[in-house]
$ cat upload-v3.tsv   # TSV, C-alpha atoms
chain	number	residue	atom	x	y	z
A	104	MET	CA	11.91	-12.22	-20.73
A	105	ASN	CA	11.31	-10.69	-17.29
A	106	LEU	CA	13.38	-7.90	-15.74
A	107	LEU	CA	15.54	-10.16	-13.58
A	108	ALA	CA	16.20	-12.58	-16.45
A	109	GLN	CA	17.21	-9.64	-18.60
A	110	LEU	CA	19.45	-8.37	-15.81
A	111	ILE	CA	21.29	-11.61	-15.26
A	112	CYS	CA	20.91	-12.87	-18.87
A	113	SER	CA	19.62	-16.29	-17.84
A	114	ARG	CA	16.03	-17.44	-17.58
A	115	VAL	CA	16.88	-20.56	-15.63
A	116	ARG	CA	19.04	-18.56	-13.18
A	117	ALA	CA	16.20	-16.04	-12.72
A	118	GLU	CA	13.75	-18.86	-12.03
A	119	ILE	CA	16.07	-20.54	-9.54
A	120	PHE	CA	16.51	-17.21	-7.77
A	121	ARG	CA	12.74	-16.73	-7.69
A	122	VAL	CA	12.16	-20.15	-6.16
A	123	LEU	CA	15.06	-20.13	-3.70
A	124	PHE	CA	15.28	-16.43	-2.79
A	125	GLY	CA	11.60	-15.37	-2.81
A	126	LEU	CA	9.62	-14.84	0.37
A	127	ARG	CA	8.32	-18.42	0.44
A	128	ALA	CA	11.81	-19.81	-0.10
A	129	GLY	CA	12.96	-22.79	1.90
A	130	GLU	CA	14.95	-25.93	1.34
A	131	LEU	CA	13.75	-27.74	-1.78
A	132	HIS	CA	14.81	-30.95	-3.43
A	133	LEU	CA	15.91	-30.98	-7.05
A	134	ARG	CA	12.65	-32.34	-8.48
A	135	GLU	CA	10.62	-29.66	-6.68
A	136	ILE	CA	12.87	-26.90	-8.04
A	137	GLN	CA	12.53	-28.44	-11.49
A	138	ARG	CA	8.74	-28.52	-11.09
A	139	GLN	CA	8.50	-24.91	-9.88
A	140	THR	CA	10.86	-23.50	-12.49
A	141	GLY	CA	9.52	-25.52	-15.40
A	142	PHE	CA	12.96	-26.17	-16.89
A	143	ALA	CA	14.47	-29.54	-17.77
A	144	ILE	CA	16.08	-31.36	-14.86
A	145	GLY	CA	19.53	-31.34	-16.49
A	146	THR	CA	19.40	-27.57	-17.06
A	147	VAL	CA	18.35	-26.91	-13.46
A	148	ARG	CA	20.96	-29.28	-12.06
A	149	GLN	CA	23.71	-27.68	-14.11
A	150	ASP	CA	22.90	-24.13	-13.01
A	151	LEU	CA	22.40	-25.16	-9.38
A	152	GLY	CA	25.87	-26.72	-9.55
A	153	LYS	CA	27.34	-23.37	-10.59
A	154	LEU	CA	25.51	-21.55	-7.80
A	155	VAL	CA	26.67	-24.12	-5.24
A	156	LYS	CA	30.24	-23.63	-6.47
A	157	LEU	CA	29.85	-19.87	-5.95
A	158	GLY	CA	28.54	-20.51	-2.44
A	159	ILE	CA	25.29	-18.66	-3.16
A	160	VAL	CA	23.24	-21.87	-2.87
A	161	ALA	CA	23.76	-24.54	-0.20
A	162	ARG	CA	23.45	-28.25	-1.08
A	163	ARG	CA	22.51	-31.06	1.34
A	164	ARG	CA	22.13	-34.77	0.65
A	165	ASP	CA	19.58	-36.84	2.60
A	166	GLY	CA	19.55	-40.46	1.48
A	167	ASN	CA	18.74	-40.48	-2.22
A	168	ARG	CA	17.52	-36.91	-2.25
A	169	VAL	CA	19.57	-33.74	-2.74
A	170	TYR	CA	18.21	-30.55	-1.25
A	171	PHE	CA	19.07	-26.98	-2.18
A	172	ALA	CA	18.52	-23.71	-0.34
A	173	ALA	CA	19.67	-20.11	-0.51
A	174	ASN	CA	22.84	-19.73	1.53
A	175	GLN	CA	21.73	-17.07	3.98
A	176	ARG	CA	25.29	-16.56	5.20
A	177	HIS	CA	26.54	-15.53	1.79
A	178	PRO	CA	27.28	-11.78	1.66
A	179	LEU	CA	25.17	-11.44	-1.49
A	180	HIS	CA	22.15	-13.24	-0.03
A	181	SER	CA	20.22	-10.16	1.07
A	182	GLU	CA	21.03	-8.34	-2.17
A	183	ILE	CA	19.71	-11.22	-4.29
A	184	HIS	CA	16.68	-11.58	-2.00
A	185	ARG	CA	15.78	-7.91	-2.43
A	186	LEU	CA	16.42	-8.09	-6.16
A	187	VAL	CA	14.00	-11.00	-6.40
A	188	LEU	CA	11.39	-9.21	-4.28
A	189	LYS	CA	11.62	-6.14	-6.46
A	190	THR	CA	11.27	-8.09	-9.67
A	191	LEU	CA	9.86	-11.62	-9.46
A	192	GLY	CA	9.06	-11.94	-5.77
A	193	LEU	CA	6.58	-9.10	-5.53
A	194	GLY	CA	3.64	-11.43	-5.71
A	195	ASP	CA	5.01	-13.58	-2.89
A	196	VAL	CA	5.40	-10.57	-0.58
A	197	LEU	CA	1.92	-9.23	-1.27
A	198	ALA	CA	0.26	-12.65	-1.00
A	199	ALA	CA	1.89	-13.22	2.39
A	200	ALA	CA	0.68	-9.81	3.64
A	201	LEU	CA	-2.92	-10.46	2.55
A	202	LYS	CA	-3.17	-14.08	3.64
A	203	GLY	CA	-6.19	-15.20	5.65
A	204	GLU	CA	-8.04	-11.93	6.06
A	205	GLY	CA	-11.47	-12.60	4.57
A	206	ILE	CA	-10.32	-11.63	1.10
A	207	GLY	CA	-12.09	-13.48	-1.72
A	208	CYS	CA	-9.77	-12.40	-4.48
A	209	ALA	CA	-6.72	-10.16	-4.80
A	210	PHE	CA	-4.54	-9.44	-7.76
A	211	VAL	CA	-2.00	-7.00	-9.13
A	212	PHE	CA	-3.06	-5.15	-12.25
A	213	GLY	CA	-1.73	-2.22	-14.27
A	214	SER	CA	1.75	-1.78	-15.66
A	215	VAL	CA	3.46	-4.13	-13.19
A	216	ALA	CA	1.09	-7.00	-14.06
A	217	ALA	CA	1.46	-6.21	-17.74
A	218	GLY	CA	5.09	-7.21	-17.45
A	219	GLY	CA	6.78	-3.96	-18.24
A	220	PRO	CA	7.59	-2.49	-14.84
A	221	ASN	CA	10.03	0.32	-14.53
A	222	SER	CA	11.54	1.62	-11.33
A	223	GLU	CA	8.84	4.28	-10.96
A	224	SER	CA	5.82	2.02	-11.42
A	225	ASP	CA	3.42	1.89	-8.50
A	226	VAL	CA	1.86	-1.47	-7.80
A	227	ASP	CA	-1.88	-1.39	-8.52
A	228	LEU	CA	-3.60	-3.87	-6.26
A	229	MET	CA	-7.24	-4.99	-6.44
A	230	VAL	CA	-8.72	-6.53	-3.30
A	231	ILE	CA	-12.26	-7.97	-3.35
A	232	GLY	CA	-13.79	-9.19	-0.14
A	233	ASN	CA	-15.28	-8.29	3.20
A	234	ILE	CA	-12.53	-5.95	4.27
A	235	GLY	CA	-12.11	-2.16	4.26
A	236	LEU	CA	-9.40	0.03	2.78
A	237	ARG	CA	-8.14	0.93	6.26
A	238	LYS	CA	-7.59	-2.71	7.18
A	239	VAL	CA	-5.90	-3.44	3.84
A	240	CYS	CA	-3.56	-0.49	4.42
A	241	ALA	CA	-2.67	-1.93	7.83
A	242	LEU	CA	-1.93	-5.34	6.27
A	243	LEU	CA	0.28	-3.70	3.67
A	244	SER	CA	2.19	-1.64	6.22
A	245	GLY	CA	5.90	-1.82	5.40
A	246	VAL	CA	5.37	-3.89	2.25
A	247	GLY	CA	5.93	-0.88	0.00
A	248	ASP	CA	9.30	-0.22	1.64
A	249	GLN	CA	10.16	-3.91	1.36
A	250	VAL	CA	9.60	-4.05	-2.39
A	251	GLY	CA	10.69	-0.51	-3.12
A	252	ARG	CA	7.40	0.47	-4.78
A	253	GLU	CA	4.32	2.34	-3.67
A	254	ILE	CA	1.27	0.11	-3.45
A	255	ASN	CA	-2.11	1.51	-4.45
A	256	PRO	CA	-4.92	-0.73	-3.24
A	257	VAL	CA	-8.42	-0.62	-4.67
A	258	VAL	CA	-10.76	-2.33	-2.22
A	259	LEU	CA	-14.21	-3.52	-3.27
A	260	SER	CA	-16.69	-5.39	-1.09
A	261	LEU	CA	-18.44	-8.33	-2.73
A	262	ALA	CA	-21.61	-6.21	-2.95
A	263	GLU	CA	-19.76	-3.30	-4.56
A	264	PHE	CA	-18.03	-5.68	-6.98
A	265	GLY	CA	-21.39	-7.18	-7.99
A	266	LYS	CA	-22.96	-3.73	-8.36
A	267	ARG	CA	-20.15	-2.49	-10.57
A	268	MET	CA	-20.29	-5.64	-12.67
A	269	ARG	CA	-24.02	-5.14	-13.27
A	270	GLN	CA	-23.44	-1.47	-14.13
A	271	ARG	CA	-20.55	-2.42	-16.43
A	272	ASP	CA	-18.49	0.14	-14.55
A	273	HIS	CA	-15.76	1.59	-16.77
A	274	PHE	CA	-12.99	1.34	-14.20
A	275	LEU	CA	-13.71	-2.27	-13.22
A	276	THR	CA	-14.23	-3.38	-16.83
A	277	ALA	CA	-10.83	-1.96	-17.79
A	278	VAL	CA	-9.16	-3.63	-14.80
A	279	LEU	CA	-10.74	-7.02	-15.51
A	280	ALA	CA	-9.69	-6.87	-19.15
A	281	SER	CA	-6.06	-6.14	-18.23
A	282	PRO	CA	-3.30	-8.63	-17.32
A	283	LYS	CA	-3.39	-9.79	-13.68
A	284	ILE	CA	-1.07	-11.45	-11.19
A	285	PHE	CA	-3.27	-13.36	-8.75
A	286	LEU	CA	-2.31	-13.23	-5.08
A	287	VAL	CA	-5.47	-14.61	-3.47
A	288	GLY	CA	-7.88	-16.74	-5.48
A	289	SER	CA	-7.66	-17.28	-9.22
A	290	GLU	CA	-9.16	-16.17	-12.50
A	291	HIS	CA	-11.74	-18.92	-11.99
A	292	ASP	CA	-12.73	-17.50	-8.57
A	293	LEU	CA	-13.01	-14.04	-10.07
A	294	GLU	CA	-15.27	-15.31	-12.84
A	295	ALA	CA	-17.42	-17.10	-10.27
A	296	MET	CA	-17.76	-13.86	-8.26
A	297	ALA	CA	-18.68	-11.98	-11.39
A	298	GLY	CA	-21.47	-14.51	-12.00
B	451	MET	CA	12.32	12.35	14.27
B	452	THR	CA	10.92	15.54	15.75
B	453	LEU	CA	9.21	18.48	14.08
B	454	LYS	CA	12.36	20.53	14.77
B	455	GLN	CA	14.37	17.98	12.80
B	456	TRP	CA	11.79	18.17	10.00
B	457	GLN	CA	12.27	21.93	10.02
B	458	ALA	CA	16.06	21.47	9.85
B	459	ASN	CA	15.50	19.17	6.84
B	460	GLY	CA	13.61	21.95	5.11
B	461	TRP	CA	10.30	20.09	5.26
B	462	LEU	CA	8.50	22.54	7.59
B	463	LYS	CA	8.57	26.28	8.12
B	464	PRO	CA	7.81	28.09	11.38
B	465	HIS	CA	4.29	29.40	11.62
B	466	GLU	CA	2.53	31.46	14.24
B	467	THR	CA	-1.08	30.42	14.35
B	468	SER	CA	-4.07	31.94	16.07
B	469	ARG	CA	-7.33	30.79	17.60
B	470	LYS	CA	-9.07	32.20	14.52
B	471	GLU	CA	-6.95	30.18	12.09
B	472	ILE	CA	-7.55	26.97	14.02
B	473	ALA	CA	-11.28	27.75	14.20
B	474	ASN	CA	-11.34	28.25	10.43
B	475	LEU	CA	-9.56	24.95	9.79
B	476	LEU	CA	-11.99	23.13	12.10
B	477	ALA	CA	-14.92	24.81	10.33
B	478	ILE	CA	-13.60	23.50	7.00
B	479	VAL	CA	-13.48	20.02	8.55
B	480	ARG	CA	-17.15	20.28	9.62
B	481	ARG	CA	-18.18	21.60	6.19
B	482	ASP	CA	-16.27	18.87	4.35
B	483	LEU	CA	-17.62	16.12	6.55
B	484	ALA	CA	-21.16	17.32	5.82
B	485	ASP	CA	-20.48	17.63	2.07
B	486	ALA	CA	-18.76	14.23	1.88
B	487	ARG	CA	-21.98	12.59	3.10
B	488	ALA	CA	-23.93	13.95	0.13
B	489	GLN	CA	-25.22	11.11	-2.00
B	490	VAL	CA	-25.80	13.25	-5.08
B	491	ILE	CA	-22.14	13.50	-6.06
B	492	SER	CA	-19.80	10.74	-7.20
B	493	ASP	CA	-18.08	8.43	-4.73
B	494	ASP	CA	-14.74	9.72	-6.03
B	495	TRP	CA	-15.65	13.28	-5.01
B	496	ARG	CA	-17.12	12.20	-1.68
B	497	PHE	CA	-13.85	10.43	-0.96
B	498	GLY	CA	-11.80	13.46	-2.03
B	499	ILE	CA	-13.81	15.79	0.20
B	500	ALA	CA	-13.46	13.46	3.20
B	501	TYR	CA	-9.73	13.31	2.52
B	502	ASN	CA	-9.60	17.10	2.58
B	503	ALA	CA	-11.23	17.09	6.01
B	504	ALA	CA	-8.56	14.68	7.27
B	505	LEU	CA	-5.82	16.84	5.79
B	506	LYS	CA	-7.18	19.96	7.51
B	507	LEU	CA	-7.16	18.20	10.88
B	508	CYS	CA	-3.50	17.25	10.37
B	509	THR	CA	-2.74	20.82	9.27
B	510	ALA	CA	-4.43	22.19	12.40
B	511	LEU	CA	-2.20	19.96	14.55
B	512	LEU	CA	0.93	21.22	12.77
B	513	CYS	CA	-0.18	24.86	13.04
B	514	ALA	CA	-0.84	24.46	16.74
B	515	GLU	CA	2.69	23.12	17.15
B	516	GLY	CA	4.05	26.21	15.35
B	517	PHE	CA	4.70	24.87	11.84
B	518	ARG	CA	3.35	24.64	8.33
B	519	PRO	CA	4.67	22.26	5.68
B	520	GLU	CA	6.84	23.62	2.89
B	521	ARG	CA	5.21	23.53	-0.52
B	522	GLU	CA	6.90	20.35	-1.78
B	523	LEU	CA	5.10	17.23	-0.50
B	524	ALA	CA	2.98	19.45	1.75
B	525	HIS	CA	0.11	16.94	2.05
B	526	PHE	CA	2.48	14.04	2.68
B	527	ARG	CA	4.30	15.93	5.45
B	528	ALA	CA	1.08	17.05	7.13
B	529	LEU	CA	-0.22	13.45	7.25
B	530	GLN	CA	3.07	11.97	8.41
B	531	ALA	CA	3.28	14.54	11.22
B	532	LEU	CA	0.25	12.89	12.83
B	533	PRO	CA	2.20	10.20	14.77
B	534	ILE	CA	4.86	12.74	15.75
B	535	ILE	CA	2.26	15.02	17.32
B	536	LEU	CA	-0.37	12.59	18.65
B	537	GLY	CA	1.96	9.66	19.36
B	538	PRO	CA	3.64	6.76	17.55
B	539	ASP	CA	0.56	4.53	17.87
B	540	ARG	CA	-0.94	6.79	15.19
B	541	GLN	CA	1.48	5.52	12.53
B	542	PRO	CA	-1.13	3.10	11.05
B	543	ASP	CA	-3.52	6.08	10.77
B	544	ALA	CA	-0.86	8.07	8.93
B	545	ASP	CA	-0.25	5.09	6.61
B	546	TYR	CA	-3.99	4.84	5.94
B	547	LEU	CA	-4.23	8.56	5.18
B	548	GLU	CA	-1.19	8.32	2.91
B	549	SER	CA	-2.97	5.61	0.95
B	550	CYS	CA	-6.05	7.86	0.83
B	551	ARG	CA	-3.86	10.74	-0.43
B	552	ARG	CA	-2.63	8.67	-3.36
B	553	LYS	CA	-6.13	7.41	-4.14
B	554	ARG	CA	-7.51	10.94	-4.02
B	555	ASN	CA	-4.80	12.12	-6.44
B	556	ARG	CA	-5.66	9.30	-8.82
B	557	VAL	CA	-9.41	9.86	-8.83
B	558	GLU	CA	-9.03	13.63	-9.09
B	559	TYR	CA	-6.33	13.84	-11.76
B	560	GLU	CA	-5.96	10.49	-13.52
B	561	SER	CA	-8.95	8.16	-13.71
B	562	VAL	CA	-12.59	7.78	-12.75
B	563	GLY	CA	-14.03	5.20	-10.36
B	564	GLY	CA	-11.10	4.29	-8.11
B	565	ALA	CA	-13.00	5.15	-4.92
B	566	THR	CA	-16.18	3.50	-3.70
B	567	GLY	CA	-19.00	4.69	-1.48
B	568	GLU	CA	-17.72	2.29	1.14
B	569	ASN	CA	-14.23	3.83	0.91
B	570	ALA	CA	-15.79	7.28	1.41
B	571	ASP	CA	-18.00	6.17	4.32
B	572	GLU	CA	-15.05	4.50	6.03
B	573	LEU	CA	-12.92	7.62	5.66
B	574	ILE	CA	-15.72	9.86	6.96
B	575	GLU	CA	-16.04	7.65	10.03
B	576	PHE	CA	-12.29	7.80	10.57
B	577	VAL	CA	-12.21	11.61	10.22
B	578	GLN	CA	-15.05	11.98	12.73
B	579	SER	CA	-13.06	10.01	15.25
B	580	LEU	CA	-9.87	11.95	14.51
B	581	GLN	CA	-11.81	15.22	14.81
B	582	LYS	CA	-12.74	14.38	18.41
B	583	ASP	CA	-9.17	13.39	19.21
B	584	VAL	CA	-7.77	16.60	17.72
B	585	LEU	CA	-10.22	18.73	19.70
B	586	ASN	CA	-9.30	16.93	22.92
B	587	TRP	CA	-5.60	17.30	22.13
B	588	LEU	CA	-6.00	21.02	21.49
B	589	ARG	CA	-7.83	21.49	24.77
B	590	GLY	CA	-5.15	19.57	26.62
B	591	ASN	CA	-2.05	20.96	24.90
B	592	HIS	CA	-3.01	24.36	23.47
B	593	PRO	CA	-6.04	25.59	25.41
B	594	ASN	CA	-5.41	29.13	24.10
B	595	LEU	CA	-6.04	27.84	20.55
B	596	ALA	CA	-8.88	25.44	21.28
B	597	PRO	CA	-12.39	26.59	20.41
B	598	PRO	CA	-14.92	26.97	23.23
B	599	LYS	CA	-16.65	23.66	23.86
B	600	ASP	CA	-20.08	24.78	22.66
B	601	SER	CA	-18.76	26.25	19.37
B	602	ALA	CA	-16.88	23.25	18.02
B	603	LYS	CA	-19.18	20.30	18.27
B	604	PRO	CA	-17.89	17.57	15.97
$ encode --input "upload-v3.tsv" --output "structure tokens"
Amino acid sequence: MNLLAQLICSRVRAEIFRVLFGLRAGELHLREIQRQTGFAIGTVRQDLGKLVKLGIVARRRDGNRVYFAANQRHPLHSEIHRLVLKTLGLGDVLAAALKGEGIGCAFVFGSVAAGGPNSESDVDLMVIGNIGLRKVCALLSGVGDQVGREINPVVLSLAEFGKRMRQRDHFLTAVLASPKIFLVGSEHDLEAMAG
Amino acid sequence: MTLKQWQANGWLKPHETSRKEIANLLAIVRRDLADARAQVISDDWRFGIAYNAALKLCTALLCAEGFRPERELAHFRALQALPIILGPDRQPDADYLESCRRKRNRVEYESVGGATGENADELIEFVQSLQKDVLNWLRGNHPNLAPPKDSAKP
């Protein structure tokens, strides 16, 4: 069970918060929320009903479809949003910061990706592509403050990545063997890069 | 925030510098830039040496303004003083150097291989550029501390 689910004692509530209060949040219809959360439609509908009653989630009907969105006017909205960013939404924030910058693959590794973050954990970030550390730092400007964690990027060019793979570099081998949260690309892309 | 406010916060202490001290700091920068280019040592060390050159430039700026950082978070303060002294458009440079500080700590004290040759080369290039800017700033703002032009070629 992830940190937010443990905090609020409900996996379905944590998933609904992730989907509706994360950085990519918008208005979603019930089926889409069900698809993104992976819970049964009845379970999702029931919990959304409770959140609508509390005023935390707004509900809108359009023909046959019912749409839900985070109620941005609710006094708890920003608190929940930040809670999600600090727990489940971290990947969303980082992916948005790194989007479209010539990056072949990017992922979080280390203790945060392993699923046991504590409040002091830095975010270890691997970026592979035709981009330098300085540029990555500029892209990540303010993101650390946003998520309340320091972000430590490791930036490898494609050539450097290939070289280290051939050398069976200790650092890279350990990183690749560890759990990852993909932000740009996928495990498949990473394997393709590794040849 | 100003450096005076930093001093009031207990982050900086007053410091009277001299032309000799500034010259020594700039000499360390030149030495470290030369050493960081050496291909016979690890990329981690090359990166760490280049970082040290950057830190000394930031320290020289603080000294010239009449301060030194207090012991706690001394590196962090020296780097973050950069946009206060050279201007707010230097904030991205301070953020970059802060990231370099954390990487340098990791590769020096925690684990091997976190820095690449490309990271080191990029940082060397950045420090060379900053070195010129610091020299020009010294000449413009503290000519009594600036080295003679022929003795401090970057």
$ interface_residues --input "upload-v3.tsv" --of "chain A" --to "chain B" --cutoff "7 Å" --atoms "all atoms listed in the file" --output "number ranges by chain"
A: 236-237, 240-241, 255, 257, 274
$ atom_distance --input "upload-v3.tsv" --atom1 "CA of Leu186 (chain A)" --atom2 "CA of Gln249 (chain A)"
10.6 Å
$ residues_around --input "upload-v3.tsv" --residues "region 109-118 of chain A" --least-positions-apart "5" --cutoff "8 Å" --atoms "all atoms listed in the file" --output "PyMOL selection string"
chain A and resi 104+140+142+146-147+150
$ atom_distance --input "upload-v3.tsv" --atom1 "CA of Leu243 (chain A)" --atom2 "CA of Asp225 (chain A)"
13.8 Å
$ residues_around --input "upload-v3.tsv" --residues "Thr509 (chain B)" --least-positions-apart "5" --cutoff "10 Å" --atoms "all atoms listed in the file" --output "ChimeraX atom specification"
/B:472,475-476,503-504,514-515,517-519,524-525,527-529,531-532
$ write_last_selection --input "upload-v3.tsv" --atoms "C-alpha atoms" --output "mmCIF file, in the coordinates of the input"
data_model
loop_
_atom_site.group_PDB
_atom_site.id
_atom_site.type_symbol
_atom_site.label_atom_id
_atom_site.label_comp_id
_atom_site.auth_asym_id
_atom_site.auth_seq_id
_atom_site.Cartn_x
_atom_site.Cartn_y
_atom_site.Cartn_z
ATOM 1 C CA ILE B 472 -7.550 26.970 14.020
ATOM 2 C CA LEU B 475 -9.560 24.950 9.790
ATOM 3 C CA LEU B 476 -11.990 23.130 12.100
ATOM 4 C CA ALA B 503 -11.230 17.090 6.010
ATOM 5 C CA ALA B 504 -8.560 14.680 7.270
ATOM 6 C CA ALA B 514 -0.840 24.460 16.740
ATOM 7 C CA GLU B 515 2.690 23.120 17.150
ATOM 8 C CA PHE B 517 4.700 24.870 11.840
ATOM 9 C CA ARG B 518 3.350 24.640 8.330
ATOM 10 C CA PRO B 519 4.670 22.260 5.680
ATOM 11 C CA ALA B 524 2.980 19.450 1.750
ATOM 12 C CA HIS B 525 0.110 16.940 2.050
ATOM 13 C CA ARG B 527 4.300 15.930 5.450
ATOM 14 C CA ALA B 528 1.080 17.050 7.130
ATOM 15 C CA LEU B 529 -0.220 13.450 7.250
ATOM 16 C CA ALA B 531 3.280 14.540 11.220
ATOM 17 C CA LEU B 532 0.250 12.890 12.830
#
$ atom_distance --input "upload-v3.tsv" --atom1 "CA of Arg164 (chain A)" --atom2 "CA of His184 (chain A)"
24.0 Å
$ closest_residue --input "upload-v3.tsv" --among "B:Trp495, B:Trp587, B:Trp456, B:Trp461" --to "Arg521 (chain B)" --atoms "all atoms listed in the file"
B:Trp461
$ residues_near_point --input "upload-v3.tsv" --point "(11.2, 26.5, 8.3)" --cutoff "12 Å" --atoms "only C-alpha atoms" --output "list in words"
Leu453, Lys454, Gln455, Trp456, Gln457, Ala458, Asn459, Gly460, Trp461, Leu462, Lys463, Pro464, His465, Glu466, Gly516, Phe517, Arg518, Pro519, Glu520 and Arg521 of chain B
$ closest_residue --input "upload-v3.tsv" --among "B:Gln578, B:Asn594, B:Gln530, B:Asn586" --to "Arg487 (chain B)" --atoms "all atoms listed in the file"
B:Gln578
$ closest_residue --input "upload-v3.tsv" --among "B:Val479, B:Met451, B:Lys599, B:Cys513" --to "Gln581 (chain B)" --atoms "all atoms listed in the file"
B:Val479
$ closest_residue --input "upload-v3.tsv" --among "A:Val160, A:Leu259, A:Asp292, A:Gly141" --to "His177 (chain A)" --atoms "all atoms listed in the file"
A:Val160
$ residues_around --input "upload-v3.tsv" --residues "region 278-291 of chain A" --least-positions-apart "2" --cutoff "8 Å" --atoms "all atoms listed in the file" --output "ChimeraX atom specification"
/A:194-195,197-198,201-202,206-213,216-217,274-276,293-295
